[in-house]
>>> print(open('protein05.pdb').read())   # PDB, C-alpha atoms and all ligand atoms
ATOM      1  CA  MET A   4     -68.303   8.759 -29.203
ATOM      2  CA  SER A   5     -65.494  11.205 -29.528
ATOM      3  CA  SER A   6     -67.350  14.451 -29.017
ATOM      4  CA  VAL A   7     -70.735  16.005 -28.594
ATOM      5  CA  ARG A   8     -71.964  18.155 -31.404
ATOM      6  CA  THR A   9     -74.394  20.928 -31.860
ATOM      7  CA  GLY A  10     -77.797  20.135 -33.360
ATOM      8  CA  THR A  11     -78.038  20.931 -37.048
ATOM      9  CA  HIS A  12     -81.516  22.372 -36.706
ATOM     10  CA  SER A  13     -80.491  25.039 -34.244
ATOM     11  CA  PHE A  14     -82.792  27.978 -33.725
ATOM     12  CA  ASP A  15     -83.019  31.181 -31.815
ATOM     13  CA  PRO A  16     -85.221  30.477 -28.750
ATOM     14  CA  ASP A  17     -86.402  34.091 -28.724
ATOM     15  CA  SER A  18     -87.506  33.965 -32.325
ATOM     16  CA  ASP A  19     -91.140  33.428 -33.276
ATOM     17  CA  ALA A  20     -90.138  30.806 -35.823
ATOM     18  CA  VAL A  21     -89.371  28.062 -33.292
ATOM     19  CA  PRO A  22     -89.763  24.660 -35.012
ATOM     20  CA  ARG A  23     -92.068  22.561 -32.829
ATOM     21  CA  GLN A  24     -92.684  19.706 -35.223
ATOM     22  CA  PRO A  25     -90.074  17.513 -36.862
ATOM     23  CA  GLY A  26     -89.223  18.466 -40.451
ATOM     24  CA  SER A  27     -89.402  16.100 -43.417
ATOM     25  CA  ASP A  28     -85.947  14.655 -42.637
ATOM     26  CA  GLN A  29     -86.773  14.311 -38.951
ATOM     27  CA  ARG A  30     -88.898  12.358 -36.480
ATOM     28  CA  TRP A  31     -89.447  12.608 -32.753
ATOM     29  CA  SER A  32     -86.741  10.714 -30.881
ATOM     30  CA  THR A  33     -87.849   7.080 -30.653
ATOM     31  CA  TRP A  34     -86.152   6.696 -27.248
ATOM     32  CA  THR A  35     -89.415   7.085 -25.343
ATOM     33  CA  GLU A  36     -91.219   4.566 -27.584
ATOM     34  CA  VAL A  37     -89.053   1.639 -26.602
ATOM     35  CA  ILE A  38     -89.349  -0.303 -23.362
ATOM     36  CA  PRO A  39     -86.306  -0.575 -21.064
ATOM     37  CA  THR A  40     -85.335  -4.040 -22.343
ATOM     38  CA  GLN A  41     -85.033  -2.560 -25.842
ATOM     39  CA  ARG A  42     -82.541  -0.003 -24.557
ATOM     40  CA  GLY A  43     -78.814  -0.328 -24.043
ATOM     41  CA  PRO A  44     -77.225  -1.322 -20.744
ATOM     42  CA  LEU A  45     -77.029   1.004 -17.755
ATOM     43  CA  PRO A  46     -75.409   3.333 -17.068
ATOM     44  CA  HIS A  47     -76.339   5.087 -20.297
ATOM     45  CA  PRO A  48     -73.272   6.918 -21.599
ATOM     46  CA  GLU A  49     -73.338  10.611 -20.785
ATOM     47  CA  TRP A  50     -73.190  11.628 -24.455
ATOM     48  CA  LEU A  51     -76.497   9.874 -25.137
ATOM     49  CA  ILE A  52     -79.480  12.192 -25.553
ATOM     50  CA  THR A  53     -82.516  10.725 -23.763
ATOM     51  CA  ALA A  54     -84.733  13.828 -23.634
ATOM     52  CA  SER A  55     -88.271  13.212 -24.864
ATOM     53  CA  GLY A  56     -88.255  16.532 -26.744
ATOM     54  CA  ALA A  57     -85.400  15.461 -29.007
ATOM     55  CA  PHE A  58     -85.622  15.006 -32.766
ATOM     56  CA  ASP A  59     -83.820  12.377 -34.837
ATOM     57  CA  THR A  60     -82.456  13.999 -37.985
ATOM     58  CA  GLU A  61     -81.412  11.940 -41.010
ATOM     59  CA  LEU A  62     -77.928  13.008 -42.116
ATOM     60  CA  GLY A  63     -77.414  10.486 -44.889
ATOM     61  CA  VAL A  64     -76.625   6.924 -45.817
ATOM     62  CA  VAL A  65     -73.396   5.399 -44.539
ATOM     63  CA  LYS A  66     -73.778   2.151 -46.447
ATOM     64  CA  THR A  67     -76.483   0.234 -48.259
ATOM     65  CA  GLY A  68     -76.468  -3.501 -48.539
ATOM     66  CA  LYS A  69     -78.760  -6.316 -49.568
ATOM     67  CA  GLU A  70     -79.849  -7.065 -46.037
ATOM     68  CA  ALA A  71     -79.446  -3.818 -44.164
ATOM     69  CA  GLU A  72     -78.748  -0.137 -44.587
ATOM     70  CA  VAL A  73     -76.709   1.955 -42.205
ATOM     71  CA  HIS A  74     -77.741   5.604 -41.868
ATOM     72  CA  LEU A  75     -76.208   8.448 -39.901
ATOM     73  CA  ILE A  76     -78.632  10.280 -37.672
ATOM     74  CA  GLU A  77     -78.323  13.032 -35.098
ATOM     75  CA  ARG A  78     -80.468  12.954 -31.971
ATOM     76  CA  ALA A  79     -80.813  16.421 -30.461
ATOM     77  CA  VAL A  80     -83.177  18.734 -28.690
ATOM     78  CA  PRO A  81     -83.363  21.516 -31.288
ATOM     79  CA  GLY A  82     -80.851  24.222 -30.507
ATOM     80  CA  THR A  83     -78.797  22.134 -28.096
ATOM     81  CA  ALA A  84     -75.861  19.750 -28.426
ATOM     82  CA  GLY A  85     -76.838  16.395 -29.861
ATOM     83  CA  CYS A  86     -75.296  12.990 -30.437
ATOM     84  CA  LEU A  87     -74.552  11.117 -33.628
ATOM     85  CA  LEU A  88     -75.955   7.614 -33.993
ATOM     86  CA  ALA A  89     -75.659   4.853 -36.561
ATOM     87  CA  ALA A  90     -79.081   3.480 -37.522
ATOM     88  CA  LYS A  91     -78.804  -0.042 -38.898
ATOM     89  CA  ARG A  92     -82.063  -0.888 -40.645
ATOM     90  CA  TYR A  93     -82.770  -4.456 -41.685
ATOM     91  CA  LEU A  94     -84.653  -4.436 -44.934
ATOM     92  CA  GLY A  95     -86.652  -7.635 -44.991
ATOM     93  CA  SER A  96     -87.520  -6.729 -48.581
ATOM     94  CA  ASP A  97     -88.119  -8.920 -51.616
ATOM     95  CA  HIS A  98     -84.507  -8.450 -52.621
ATOM     96  CA  SER A  99     -83.124  -9.422 -49.280
ATOM     97  CA  ASP A 100     -82.026 -12.979 -49.823
ATOM     98  CA  PHE A 101     -80.431 -13.332 -46.439
ATOM     99  CA  HIS A 102     -76.992 -14.853 -46.734
ATOM    100  CA  ARG A 103     -76.914 -15.632 -43.065
ATOM    101  CA  SER A 104     -78.590 -18.971 -43.510
ATOM    102  CA  SER A 105     -80.169 -21.303 -41.027
ATOM    103  CA  VAL A 106     -76.829 -22.841 -40.077
ATOM    104  CA  TYR A 107     -76.290 -19.750 -37.969
ATOM    105  CA  THR A 108     -79.647 -19.887 -36.280
ATOM    106  CA  GLU A 109     -79.418 -23.469 -35.096
ATOM    107  CA  GLY A 110     -80.354 -23.513 -31.421
ATOM    108  CA  ARG A 111     -82.513 -20.393 -31.695
ATOM    109  CA  SER A 112     -86.261 -20.648 -31.781
ATOM    110  CA  VAL A 113     -89.224 -18.563 -32.791
ATOM    111  CA  ARG A 114     -91.911 -19.040 -30.160
ATOM    112  CA  ASP A 115     -94.893 -17.631 -32.015
ATOM    113  CA  SER A 116     -95.946 -20.321 -34.490
ATOM    114  CA  ARG A 117     -97.794 -17.824 -36.719
ATOM    115  CA  GLU A 118     -94.527 -15.937 -37.078
ATOM    116  CA  ALA A 119     -92.596 -19.152 -37.621
ATOM    117  CA  ARG A 120     -94.979 -20.206 -40.425
ATOM    118  CA  ALA A 121     -94.835 -16.776 -42.056
ATOM    119  CA  MET A 122     -91.041 -16.878 -41.997
ATOM    120  CA  LYS A 123     -91.072 -20.290 -43.648
ATOM    121  CA  ARG A 124     -93.468 -19.078 -46.347
ATOM    122  CA  LYS A 125     -91.292 -15.983 -46.863
ATOM    123  CA  SER A 126     -94.412 -13.793 -47.059
ATOM    124  CA  SER A 127     -93.793 -10.067 -46.653
ATOM    125  CA  PHE A 128     -94.936 -10.368 -43.046
ATOM    126  CA  GLY A 129     -92.557 -13.277 -42.605
ATOM    127  CA  ARG A 130     -89.668 -11.311 -44.063
ATOM    128  CA  ARG A 131     -90.394  -8.447 -41.706
ATOM    129  CA  VAL A 132     -90.463 -10.854 -38.778
ATOM    130  CA  ALA A 133     -87.122 -12.292 -39.899
ATOM    131  CA  ALA A 134     -85.617  -8.803 -40.258
ATOM    132  CA  GLY A 135     -86.814  -7.940 -36.753
ATOM    133  CA  GLN A 136     -85.273 -11.147 -35.458
ATOM    134  CA  TRP A 137     -81.902 -10.286 -36.950
ATOM    135  CA  ALA A 138     -82.088  -6.807 -35.447
ATOM    136  CA  LEU A 139     -82.957  -8.222 -32.030
ATOM    137  CA  THR A 140     -80.222 -10.833 -32.205
ATOM    138  CA  GLU A 141     -77.604  -8.279 -33.215
ATOM    139  CA  PHE A 142     -78.772  -5.886 -30.496
ATOM    140  CA  ASP A 143     -78.598  -8.621 -27.827
ATOM    141  CA  ALA A 144     -75.120  -9.608 -28.980
ATOM    142  CA  LEU A 145     -73.974  -5.973 -28.811
ATOM    143  CA  VAL A 146     -75.397  -5.673 -25.287
ATOM    144  CA  GLN A 147     -73.569  -8.814 -24.121
ATOM    145  CA  ALA A 148     -70.338  -7.685 -25.752
ATOM    146  CA  TRP A 149     -70.625  -4.166 -24.317
ATOM    147  CA  LYS A 150     -71.267  -5.565 -20.821
ATOM    148  CA  ALA A 151     -68.161  -7.747 -21.187
ATOM    149  CA  GLY A 152     -66.136  -4.589 -21.844
ATOM    150  CA  MET A 153     -65.550  -5.291 -25.522
ATOM    151  CA  ALA A 154     -64.782  -2.646 -28.148
ATOM    152  CA  VAL A 155     -68.213  -2.524 -29.800
ATOM    153  CA  PRO A 156     -70.449   0.466 -30.550
ATOM    154  CA  TYR A 157     -72.678   1.212 -27.552
ATOM    155  CA  PRO A 158     -76.093  -0.336 -28.369
ATOM    156  CA  VAL A 159     -78.593   2.480 -27.827
ATOM    157  CA  GLN A 160     -81.925   0.804 -28.646
ATOM    158  CA  VAL A 161     -83.706  -1.666 -30.887
ATOM    159  CA  ASN A 162     -87.100  -0.873 -32.357
ATOM    160  CA  GLY A 163     -88.569  -3.374 -34.811
ATOM    161  CA  THR A 164     -86.118  -3.718 -37.670
ATOM    162  CA  GLU A 165     -83.917  -0.776 -36.620
ATOM    163  CA  ILE A 166     -80.941  -0.775 -34.264
ATOM    164  CA  LEU A 167     -79.514   2.527 -33.086
ATOM    165  CA  MET A 168     -75.937   2.396 -31.889
ATOM    166  CA  GLU A 169     -72.993   4.659 -31.154
ATOM    167  CA  TYR A 170     -71.600   6.124 -34.339
ATOM    168  CA  ILE A 171     -67.924   5.211 -34.661
ATOM    169  CA  GLY A 172     -65.998   7.959 -36.387
ATOM    170  CA  GLN A 173     -64.585  11.436 -36.178
ATOM    171  CA  ASP A 174     -67.183  14.154 -36.606
ATOM    172  CA  ARG A 175     -69.443  12.951 -39.397
ATOM    173  CA  VAL A 176     -66.852  10.775 -41.098
ATOM    174  CA  ALA A 177     -67.255   7.087 -40.286
ATOM    175  CA  ALA A 178     -64.162   5.262 -39.090
ATOM    176  CA  PRO A 179     -62.524   3.356 -41.953
ATOM    177  CA  ARG A 180     -62.712  -0.413 -42.030
ATOM    178  CA  LEU A 181     -59.528  -2.219 -41.084
ATOM    179  CA  VAL A 182     -59.287  -3.480 -44.677
ATOM    180  CA  GLN A 183     -58.571   0.120 -45.790
ATOM    181  CA  SER A 184     -55.870   0.625 -43.165
ATOM    182  CA  LYS A 185     -52.316   1.521 -44.163
ATOM    183  CA  ARG A 186     -50.923   0.318 -40.845
ATOM    184  CA  ARG A 187     -47.436  -1.214 -40.892
ATOM    185  CA  GLY A 188     -44.936  -2.501 -38.336
ATOM    186  CA  ALA A 189     -45.757  -1.765 -34.702
ATOM    187  CA  GLU A 190     -49.087  -0.152 -35.636
ATOM    188  CA  LEU A 191     -50.118  -3.279 -37.497
ATOM    189  CA  ALA A 192     -49.031  -5.466 -34.571
ATOM    190  CA  GLY A 193     -51.026  -3.203 -32.243
ATOM    191  CA  ALA A 194     -54.150  -3.729 -34.342
ATOM    192  CA  TYR A 195     -53.578  -7.487 -34.356
ATOM    193  CA  ASP A 196     -53.321  -7.560 -30.552
ATOM    194  CA  GLN A 197     -56.663  -5.797 -30.353
ATOM    195  CA  VAL A 198     -58.262  -8.259 -32.768
ATOM    196  CA  VAL A 199     -56.930 -11.176 -30.702
ATOM    197  CA  ARG A 200     -58.450  -9.572 -27.598
ATOM    198  CA  ILE A 201     -61.794  -9.332 -29.399
ATOM    199  CA  LEU A 202     -61.626 -13.017 -30.344
ATOM    200  CA  GLU A 203     -60.652 -13.940 -26.772
ATOM    201  CA  SER A 204     -63.537 -11.958 -25.309
ATOM    202  CA  PHE A 205     -66.014 -13.748 -27.568
ATOM    203  CA  ALA A 206     -64.432 -17.085 -26.581
ATOM    204  CA  HIS A 207     -64.780 -16.262 -22.865
ATOM    205  CA  MET A 208     -68.473 -15.523 -23.440
ATOM    206  CA  GLY A 209     -68.905 -18.824 -25.317
ATOM    207  CA  TYR A 210     -69.595 -16.985 -28.575
ATOM    208  CA  VAL A 211     -68.158 -16.927 -32.068
ATOM    209  CA  HIS A 212     -68.595 -13.780 -34.199
ATOM    210  CA  GLY A 213     -69.299 -15.848 -37.297
ATOM    211  CA  ASP A 214     -68.501 -13.173 -39.908
ATOM    212  CA  LEU A 215     -65.259 -11.688 -38.656
ATOM    213  CA  SER A 216     -63.050 -10.098 -41.278
ATOM    214  CA  PRO A 217     -61.210  -6.793 -41.847
ATOM    215  CA  TYR A 218     -64.547  -5.542 -43.281
ATOM    216  CA  ASN A 219     -66.320  -5.856 -39.944
ATOM    217  CA  LEU A 220     -63.552  -4.234 -37.902
ATOM    218  CA  LEU A 221     -63.391  -0.439 -37.792
ATOM    219  CA  ASP A 222     -60.137   1.418 -37.148
ATOM    220  CA  ASP A 223     -61.256   4.348 -35.032
ATOM    221  CA  GLY A 224     -58.131   6.453 -34.730
ATOM    222  CA  GLY A 225     -56.101   3.547 -33.360
ATOM    223  CA  ARG A 226     -58.856   1.685 -31.510
ATOM    224  CA  ILE A 227     -60.209  -1.385 -33.276
ATOM    225  CA  VAL A 228     -63.991  -1.747 -32.932
ATOM    226  CA  VAL A 229     -65.907  -4.854 -34.000
ATOM    227  CA  ILE A 230     -69.306  -4.496 -35.697
ATOM    228  CA  ASP A 231     -71.912  -6.542 -37.592
ATOM    229  CA  LEU A 232     -72.914  -9.113 -35.001
ATOM    230  CA  PRO A 233     -76.300 -10.543 -36.081
ATOM    231  CA  GLN A 234     -74.914 -13.980 -36.816
ATOM    232  CA  VAL A 235     -73.106 -14.420 -33.495
ATOM    233  CA  ILE A 236     -73.024 -18.124 -32.648
ATOM    234  CA  ASP A 237     -73.553 -19.727 -29.273
ATOM    235  CA  VAL A 238     -70.858 -22.388 -28.958
ATOM    236  CA  ALA A 239     -72.926 -24.518 -26.581
ATOM    237  CA  ALA A 240     -75.930 -24.642 -28.927
ATOM    238  CA  ASN A 241     -74.407 -24.863 -32.390
ATOM    239  CA  PRO A 242     -72.372 -27.920 -33.377
ATOM    240  CA  LEU A 243     -70.790 -26.014 -36.279
ATOM    241  CA  SER A 244     -69.499 -23.180 -34.105
ATOM    242  CA  LEU A 245     -65.859 -24.268 -34.169
ATOM    243  CA  ASP A 246     -65.913 -24.347 -37.985
ATOM    244  CA  PHE A 247     -67.087 -20.738 -37.915
ATOM    245  CA  LEU A 248     -64.422 -19.853 -35.369
ATOM    246  CA  HIS A 249     -61.767 -21.392 -37.581
ATOM    247  CA  ARG A 250     -63.023 -19.406 -40.554
ATOM    248  CA  ASP A 251     -63.025 -16.164 -38.531
ATOM    249  CA  VAL A 252     -59.446 -16.835 -37.415
ATOM    250  CA  VAL A 253     -58.288 -17.635 -40.958
ATOM    251  CA  ASN A 254     -60.017 -14.510 -42.343
ATOM    252  CA  VAL A 255     -58.260 -12.118 -40.024
ATOM    253  CA  THR A 256     -54.863 -13.804 -39.858
ATOM    254  CA  THR A 257     -54.700 -14.068 -43.654
ATOM    255  CA  TRP A 258     -55.161 -10.298 -43.912
ATOM    256  CA  PHE A 259     -52.493  -9.567 -41.294
ATOM    257  CA  ASN A 260     -50.076 -12.017 -42.923
ATOM    258  CA  ARG A 261     -50.573 -10.357 -46.313
ATOM    259  CA  ARG A 262     -49.828  -6.995 -44.726
ATOM    260  CA  GLY A 263     -46.497  -8.386 -43.505
ATOM    261  CA  LEU A 264     -47.207  -9.483 -39.939
ATOM    262  CA  ASP A 265     -46.191 -13.067 -39.277
ATOM    263  CA  VAL A 266     -49.069 -14.686 -37.379
ATOM    264  CA  ASP A 267     -50.108 -18.334 -37.030
ATOM    265  CA  PRO A 268     -53.816 -19.098 -37.508
ATOM    266  CA  GLU A 269     -53.670 -22.626 -36.084
ATOM    267  CA  ALA A 270     -51.874 -21.526 -32.914
ATOM    268  CA  LEU A 271     -54.445 -18.764 -32.389
ATOM    269  CA  PHE A 272     -57.333 -21.165 -33.071
ATOM    270  CA  ALA A 273     -55.987 -23.671 -30.512
ATOM    271  CA  ASP A 274     -55.455 -20.889 -28.010
ATOM    272  CA  LEU A 275     -59.025 -19.651 -28.372
ATOM    273  CA  ILE A 276     -60.496 -23.129 -27.957
ATOM    274  CA  ALA A 277     -58.424 -23.595 -24.809
ATOM    275  CA  GLN A 278     -59.901 -20.357 -23.446
ATOM    276  CA  MET A 279     -63.480 -21.514 -24.022
ATOM    277  CA  TRP A 280     -63.472 -24.243 -21.404
TER     278      TRP A 280
HETATM  279  N1  LIG B 301     -71.656   1.999 -35.532
HETATM  280  C1  LIG B 301     -71.131   2.355 -36.703
HETATM  281  N2  LIG B 301     -70.408   3.488 -36.815
HETATM  282  C2  LIG B 301     -69.873   3.844 -38.002
HETATM  283  N3  LIG B 301     -70.017   3.151 -39.144
HETATM  284  C3  LIG B 301     -70.735   2.006 -39.089
HETATM  285  C4  LIG B 301     -71.329   1.554 -37.886
HETATM  286  N4  LIG B 301     -71.975   0.402 -38.135
HETATM  287  C5  LIG B 301     -71.797   0.147 -39.440
HETATM  288  N5  LIG B 301     -71.050   1.103 -40.036
HETATM  289  C6  LIG B 301     -70.663   1.159 -41.451
HETATM  290  O1  LIG B 301     -71.649   0.510 -42.230
HETATM  291  C7  LIG B 301     -71.090  -0.638 -42.876
HETATM  292  C8  LIG B 301     -72.100  -1.774 -42.873
HETATM  293  O2  LIG B 301     -72.389  -2.160 -41.550
HETATM  294  P1  LIG B 301     -72.519  -3.694 -41.167
HETATM  295  O3  LIG B 301     -71.283  -4.422 -41.519
HETATM  296  O4  LIG B 301     -72.982  -3.776 -39.758
HETATM  297  O5  LIG B 301     -73.756  -4.102 -42.087
HETATM  298  P2  LIG B 301     -73.938  -5.217 -43.215
HETATM  299  O6  LIG B 301     -75.281  -5.017 -43.788
HETATM  300  O7  LIG B 301     -73.640  -6.515 -42.658
HETATM  301  O8  LIG B 301     -72.916  -4.835 -44.283
HETATM  302  P3  LIG B 301     -71.930  -5.806 -45.071
HETATM  303  O9  LIG B 301     -72.797  -6.793 -45.763
HETATM  304  O10 LIG B 301     -71.204  -4.852 -45.936
HETATM  305  O11 LIG B 301     -71.048  -6.443 -44.027
HETATM  306  C9  LIG B 301     -69.803  -0.939 -42.112
HETATM  307  O12 LIG B 301     -68.834  -1.548 -42.909
HETATM  308  C10 LIG B 301     -69.343   0.434 -41.681
HETATM  309  O13 LIG B 301     -68.631   1.068 -42.718
HETATM  310 MG    MG B 302     -70.550  -5.981 -42.408
END
>>> encode(input="protein05.pdb", output="structure tokens")
Amino acid sequence: MSSVRTGTHSFDPDSDAVPRQPGSDQRWSTWTEVIPTQRGPLPHPEWLITASGAFDTELGVVKTGKEAEVHLIERAVPGTAGCLLAAKRYLGSDHSDFHRSSVYTEGRSVRDSREARAMKRKSSFGRRVAAGQWALTEFDALVQAWKAGMAVPYPVQVNGTEILMEYIGQDRVAAPRLVQSKRRGAELAGAYDQVVRILESFAHMGYVHGDLSPYNLLDDGGRIVVIDLPQVIDVAANPLSLDFLHRDVVNVTTWFNRRGLDVDPEALFADLIAQMW
């Protein structure tokens, strides 16, 4: 996160009108509700607010989709500096016809058979279970990637169907996606190098992103950050993983080639496979 900001619901501590309960666009910070394994890796970044007296304030929708919505929230102890977080909420609603089909989940299992049956039936309980699974899987992938030193948002916590993560952007403006970037020449080549590093890091971990494209790469003032990891694929467990890797490589190289950078998808693909074993 680039900077620490002042809480929006600031108040005068000497005033009688001190707000002690969250307002309608607020809740108590959910940090204390989650157990340590649902929290991001240690050390927690110093910008992260972990005080139990903090409020989470809804600041608006960043993006809505069929499967998830991303909201901007501020976590702050009223009257003190807070931190901005992206809340990715998996919907699990009737309308959420999850495009990330079972080919991605090969090799994963649901231990609780009641949950497994509900997911198969697609009951509302089952859909909620599935949404929670996607949230957990994305959170775990973010944790692994963060621990490997990758450029991902810091995963703050997962709670049911909601992931809270570092908000990537300047002030309250989200970083643009790479697809919107006007980069040319050396700046474009610099972005490509960063994308190759991201692909290499996944390869070293034995993972494939599975939905990599200039839509899931943010350009944060020069630093390329990869997001949207729920469908991450374990190469050892999924026989289709190399097909997904090839698609990821083609997606990104096609975009760079169209922008005028001469890059070779097959050479990159071969290189990444060589780095896996
Ligand atoms: N940590 C973040 N910081 C800033 N913006 C974010 C963050 N995470 C997501 N966004 C914004 O929200 C959008 C949707 O996020 P994401 O890609 O994770 O969800 P999605 O439901 O898979 O969306 P889509 O189907 O459009 O890919 C991103 O393109 C980006 O603009
Ligand atoms: Mg996305």
>>> atom_distance(input="protein05.pdb", atom1="CA of Tyr157 in chain A", atom2="CA of Lys185 in chain A")
26.3 Å
>>> resolve_selection(input="protein05.pdb", expression="the PyMOL selection byres (((chain A and resi 135) around 9) and not hetatm)", output="PyMOL selection string")
chain A and resi 93+95+130-134+136-140+162-165
>>> closest_atom_pairs(input="protein05.pdb", of="chain A", to="ligand MG 302 (chain B)", cutoff="12 Å", atoms="all atoms listed in the file", output="tab-separated table")
residue	atom	partner	partner_atom	distance
A:Val65	CA	B:MG302	MG	11.9
A:Lys66	CA	B:MG302	MG	9.6
A:Thr67	CA	B:MG302	MG	10.4
A:Gly68	CA	B:MG302	MG	8.9
A:Lys69	CA	B:MG302	MG	10.9
A:Glu70	CA	B:MG302	MG	10.0
A:Ala71	CA	B:MG302	MG	9.3
A:Glu72	CA	B:MG302	MG	10.3
A:Val73	CA	B:MG302	MG	10.0
A:Lys91	CA	B:MG302	MG	10.8
A:His102	CA	B:MG302	MG	11.8
A:Arg103	CA	B:MG302	MG	11.6
A:Glu141	CA	B:MG302	MG	11.8
A:Arg180	CA	B:MG302	MG	9.6
A:Leu181	CA	B:MG302	MG	11.7
A:Val182	CA	B:MG302	MG	11.8
A:His212	CA	B:MG302	MG	11.5
A:Gly213	CA	B:MG302	MG	11.2
A:Asp214	CA	B:MG302	MG	7.9
A:Leu215	CA	B:MG302	MG	8.6
A:Ser216	CA	B:MG302	MG	8.6
A:Pro217	CA	B:MG302	MG	9.4
A:Tyr218	CA	B:MG302	MG	6.1
A:Asn219	CA	B:MG302	MG	4.9
A:Leu220	CA	B:MG302	MG	8.5
A:Leu221	CA	B:MG302	MG	10.2
A:Val229	CA	B:MG302	MG	9.7
A:Ile230	CA	B:MG302	MG	7.0
A:Asp231	CA	B:MG302	MG	5.0
A:Leu232	CA	B:MG302	MG	8.4
A:Pro233	CA	B:MG302	MG	9.7
A:Gln234	CA	B:MG302	MG	10.7
>>> residues_around(input="protein05.pdb", residues="Arg187 in chain A", least_positions_apart="3", cutoff="8 Å", atoms="all atoms listed in the file", output="list in words")
Glu190, Leu191, Ala192, Arg262 and Gly263 of chain A
>>> residues_around(input="protein05.pdb", residues="Arg117 in chain A", least_positions_apart="3", cutoff="12 Å", atoms="all atoms listed in the file", output="PDB file with C-alpha atoms, in the frame of the given file")
ATOM      1  CA  VAL A 113     -89.224 -18.563 -32.791  1.00  0.00           C
ATOM      2  CA  ARG A 114     -91.911 -19.040 -30.160  1.00  0.00           C
ATOM      3  CA  ARG A 120     -94.979 -20.206 -40.425  1.00  0.00           C
ATOM      4  CA  ALA A 121     -94.835 -16.776 -42.056  1.00  0.00           C
ATOM      5  CA  MET A 122     -91.041 -16.878 -41.997  1.00  0.00           C
ATOM      6  CA  LYS A 123     -91.072 -20.290 -43.648  1.00  0.00           C
ATOM      7  CA  ARG A 124     -93.468 -19.078 -46.347  1.00  0.00           C
ATOM      8  CA  SER A 126     -94.412 -13.793 -47.059  1.00  0.00           C
ATOM      9  CA  PHE A 128     -94.936 -10.368 -43.046  1.00  0.00           C
ATOM     10  CA  GLY A 129     -92.557 -13.277 -42.605  1.00  0.00           C
ATOM     11  CA  VAL A 132     -90.463 -10.854 -38.778  1.00  0.00           C
TER      12      VAL A 132
END
>>> resolve_selection(input="protein05.pdb", expression="the PyMOL selection byres (((chain A and resi 200-203) around 10) and not hetatm)", output="NGL selection string")
:A and (148 or 152-155 or 194-199 or 204-212 or 215 or 227-229 or 248 or 251-252 or 271-272 or 274-276 or 278-279)
>>> write_last_selection(input="protein05.pdb", atoms="C-alpha atoms", output="PDB file, in the coordinates of the input")
ATOM      1  CA  ALA A 148     -70.338  -7.685 -25.752  1.00  0.00           C
ATOM      2  CA  GLY A 152     -66.136  -4.589 -21.844  1.00  0.00           C
ATOM      3  CA  MET A 153     -65.550  -5.291 -25.522  1.00  0.00           C
ATOM      4  CA  ALA A 154     -64.782  -2.646 -28.148  1.00  0.00           C
ATOM      5  CA  VAL A 155     -68.213  -2.524 -29.800  1.00  0.00           C
ATOM      6  CA  ALA A 194     -54.150  -3.729 -34.342  1.00  0.00           C
ATOM      7  CA  TYR A 195     -53.578  -7.487 -34.356  1.00  0.00           C
ATOM      8  CA  ASP A 196     -53.321  -7.560 -30.552  1.00  0.00           C
ATOM      9  CA  GLN A 197     -56.663  -5.797 -30.353  1.00  0.00           C
ATOM     10  CA  VAL A 198     -58.262  -8.259 -32.768  1.00  0.00           C
ATOM     11  CA  VAL A 199     -56.930 -11.176 -30.702  1.00  0.00           C
ATOM     12  CA  SER A 204     -63.537 -11.958 -25.309  1.00  0.00           C
ATOM     13  CA  PHE A 205     -66.014 -13.748 -27.568  1.00  0.00           C
ATOM     14  CA  ALA A 206     -64.432 -17.085 -26.581  1.00  0.00           C
ATOM     15  CA  HIS A 207     -64.780 -16.262 -22.865  1.00  0.00           C
ATOM     16  CA  MET A 208     -68.473 -15.523 -23.440  1.00  0.00           C
ATOM     17  CA  GLY A 209     -68.905 -18.824 -25.317  1.00  0.00           C
ATOM     18  CA  TYR A 210     -69.595 -16.985 -28.575  1.00  0.00           C
ATOM     19  CA  VAL A 211     -68.158 -16.927 -32.068  1.00  0.00           C
ATOM     20  CA  HIS A 212     -68.595 -13.780 -34.199  1.00  0.00           C
ATOM     21  CA  LEU A 215     -65.259 -11.688 -38.656  1.00  0.00           C
ATOM     22  CA  ILE A 227     -60.209  -1.385 -33.276  1.00  0.00           C
ATOM     23  CA  VAL A 228     -63.991  -1.747 -32.932  1.00  0.00           C
ATOM     24  CA  VAL A 229     -65.907  -4.854 -34.000  1.00  0.00           C
ATOM     25  CA  LEU A 248     -64.422 -19.853 -35.369  1.00  0.00           C
ATOM     26  CA  ASP A 251     -63.025 -16.164 -38.531  1.00  0.00           C
ATOM     27  CA  VAL A 252     -59.446 -16.835 -37.415  1.00  0.00           C
ATOM     28  CA  LEU A 271     -54.445 -18.764 -32.389  1.00  0.00           C
ATOM     29  CA  PHE A 272     -57.333 -21.165 -33.071  1.00  0.00           C
ATOM     30  CA  ASP A 274     -55.455 -20.889 -28.010  1.00  0.00           C
ATOM     31  CA  LEU A 275     -59.025 -19.651 -28.372  1.00  0.00           C
ATOM     32  CA  ILE A 276     -60.496 -23.129 -27.957  1.00  0.00           C
ATOM     33  CA  GLN A 278     -59.901 -20.357 -23.446  1.00  0.00           C
ATOM     34  CA  MET A 279     -63.480 -21.514 -24.022  1.00  0.00           C
TER      35      MET A 279
END
>>> decode(input="protein05.pdb", residues="range 174-184 of chain A", atoms="C-alpha atoms", output="short mmCIF file (atom, residue, chain, number, x, y, z; two decimals), in the first residue's frame")
data_model
loop_
_atom_site.label_atom_id
_atom_site.label_comp_id
_atom_site.auth_asym_id
_atom_site.auth_seq_id
_atom_site.Cartn_x
_atom_site.Cartn_y
_atom_site.Cartn_z
CA ASP A 174 -5.30 7.00 -2.85
CA ARG A 175 -8.79 5.72 -3.58
CA VAL A 176 -8.24 5.16 -7.29
CA ALA A 177 -7.61 1.51 -8.15
CA ALA A 178 -4.57 0.78 -10.28
CA PRO A 179 -5.55 0.37 -13.94
CA ARG A 180 -5.44 -3.06 -15.52
CA LEU A 181 -2.53 -3.69 -17.85
CA VAL A 182 -5.01 -3.88 -20.75
CA GLN A 183 -5.66 -0.12 -20.31
CA SER A 184 -1.96 0.74 -20.28
#
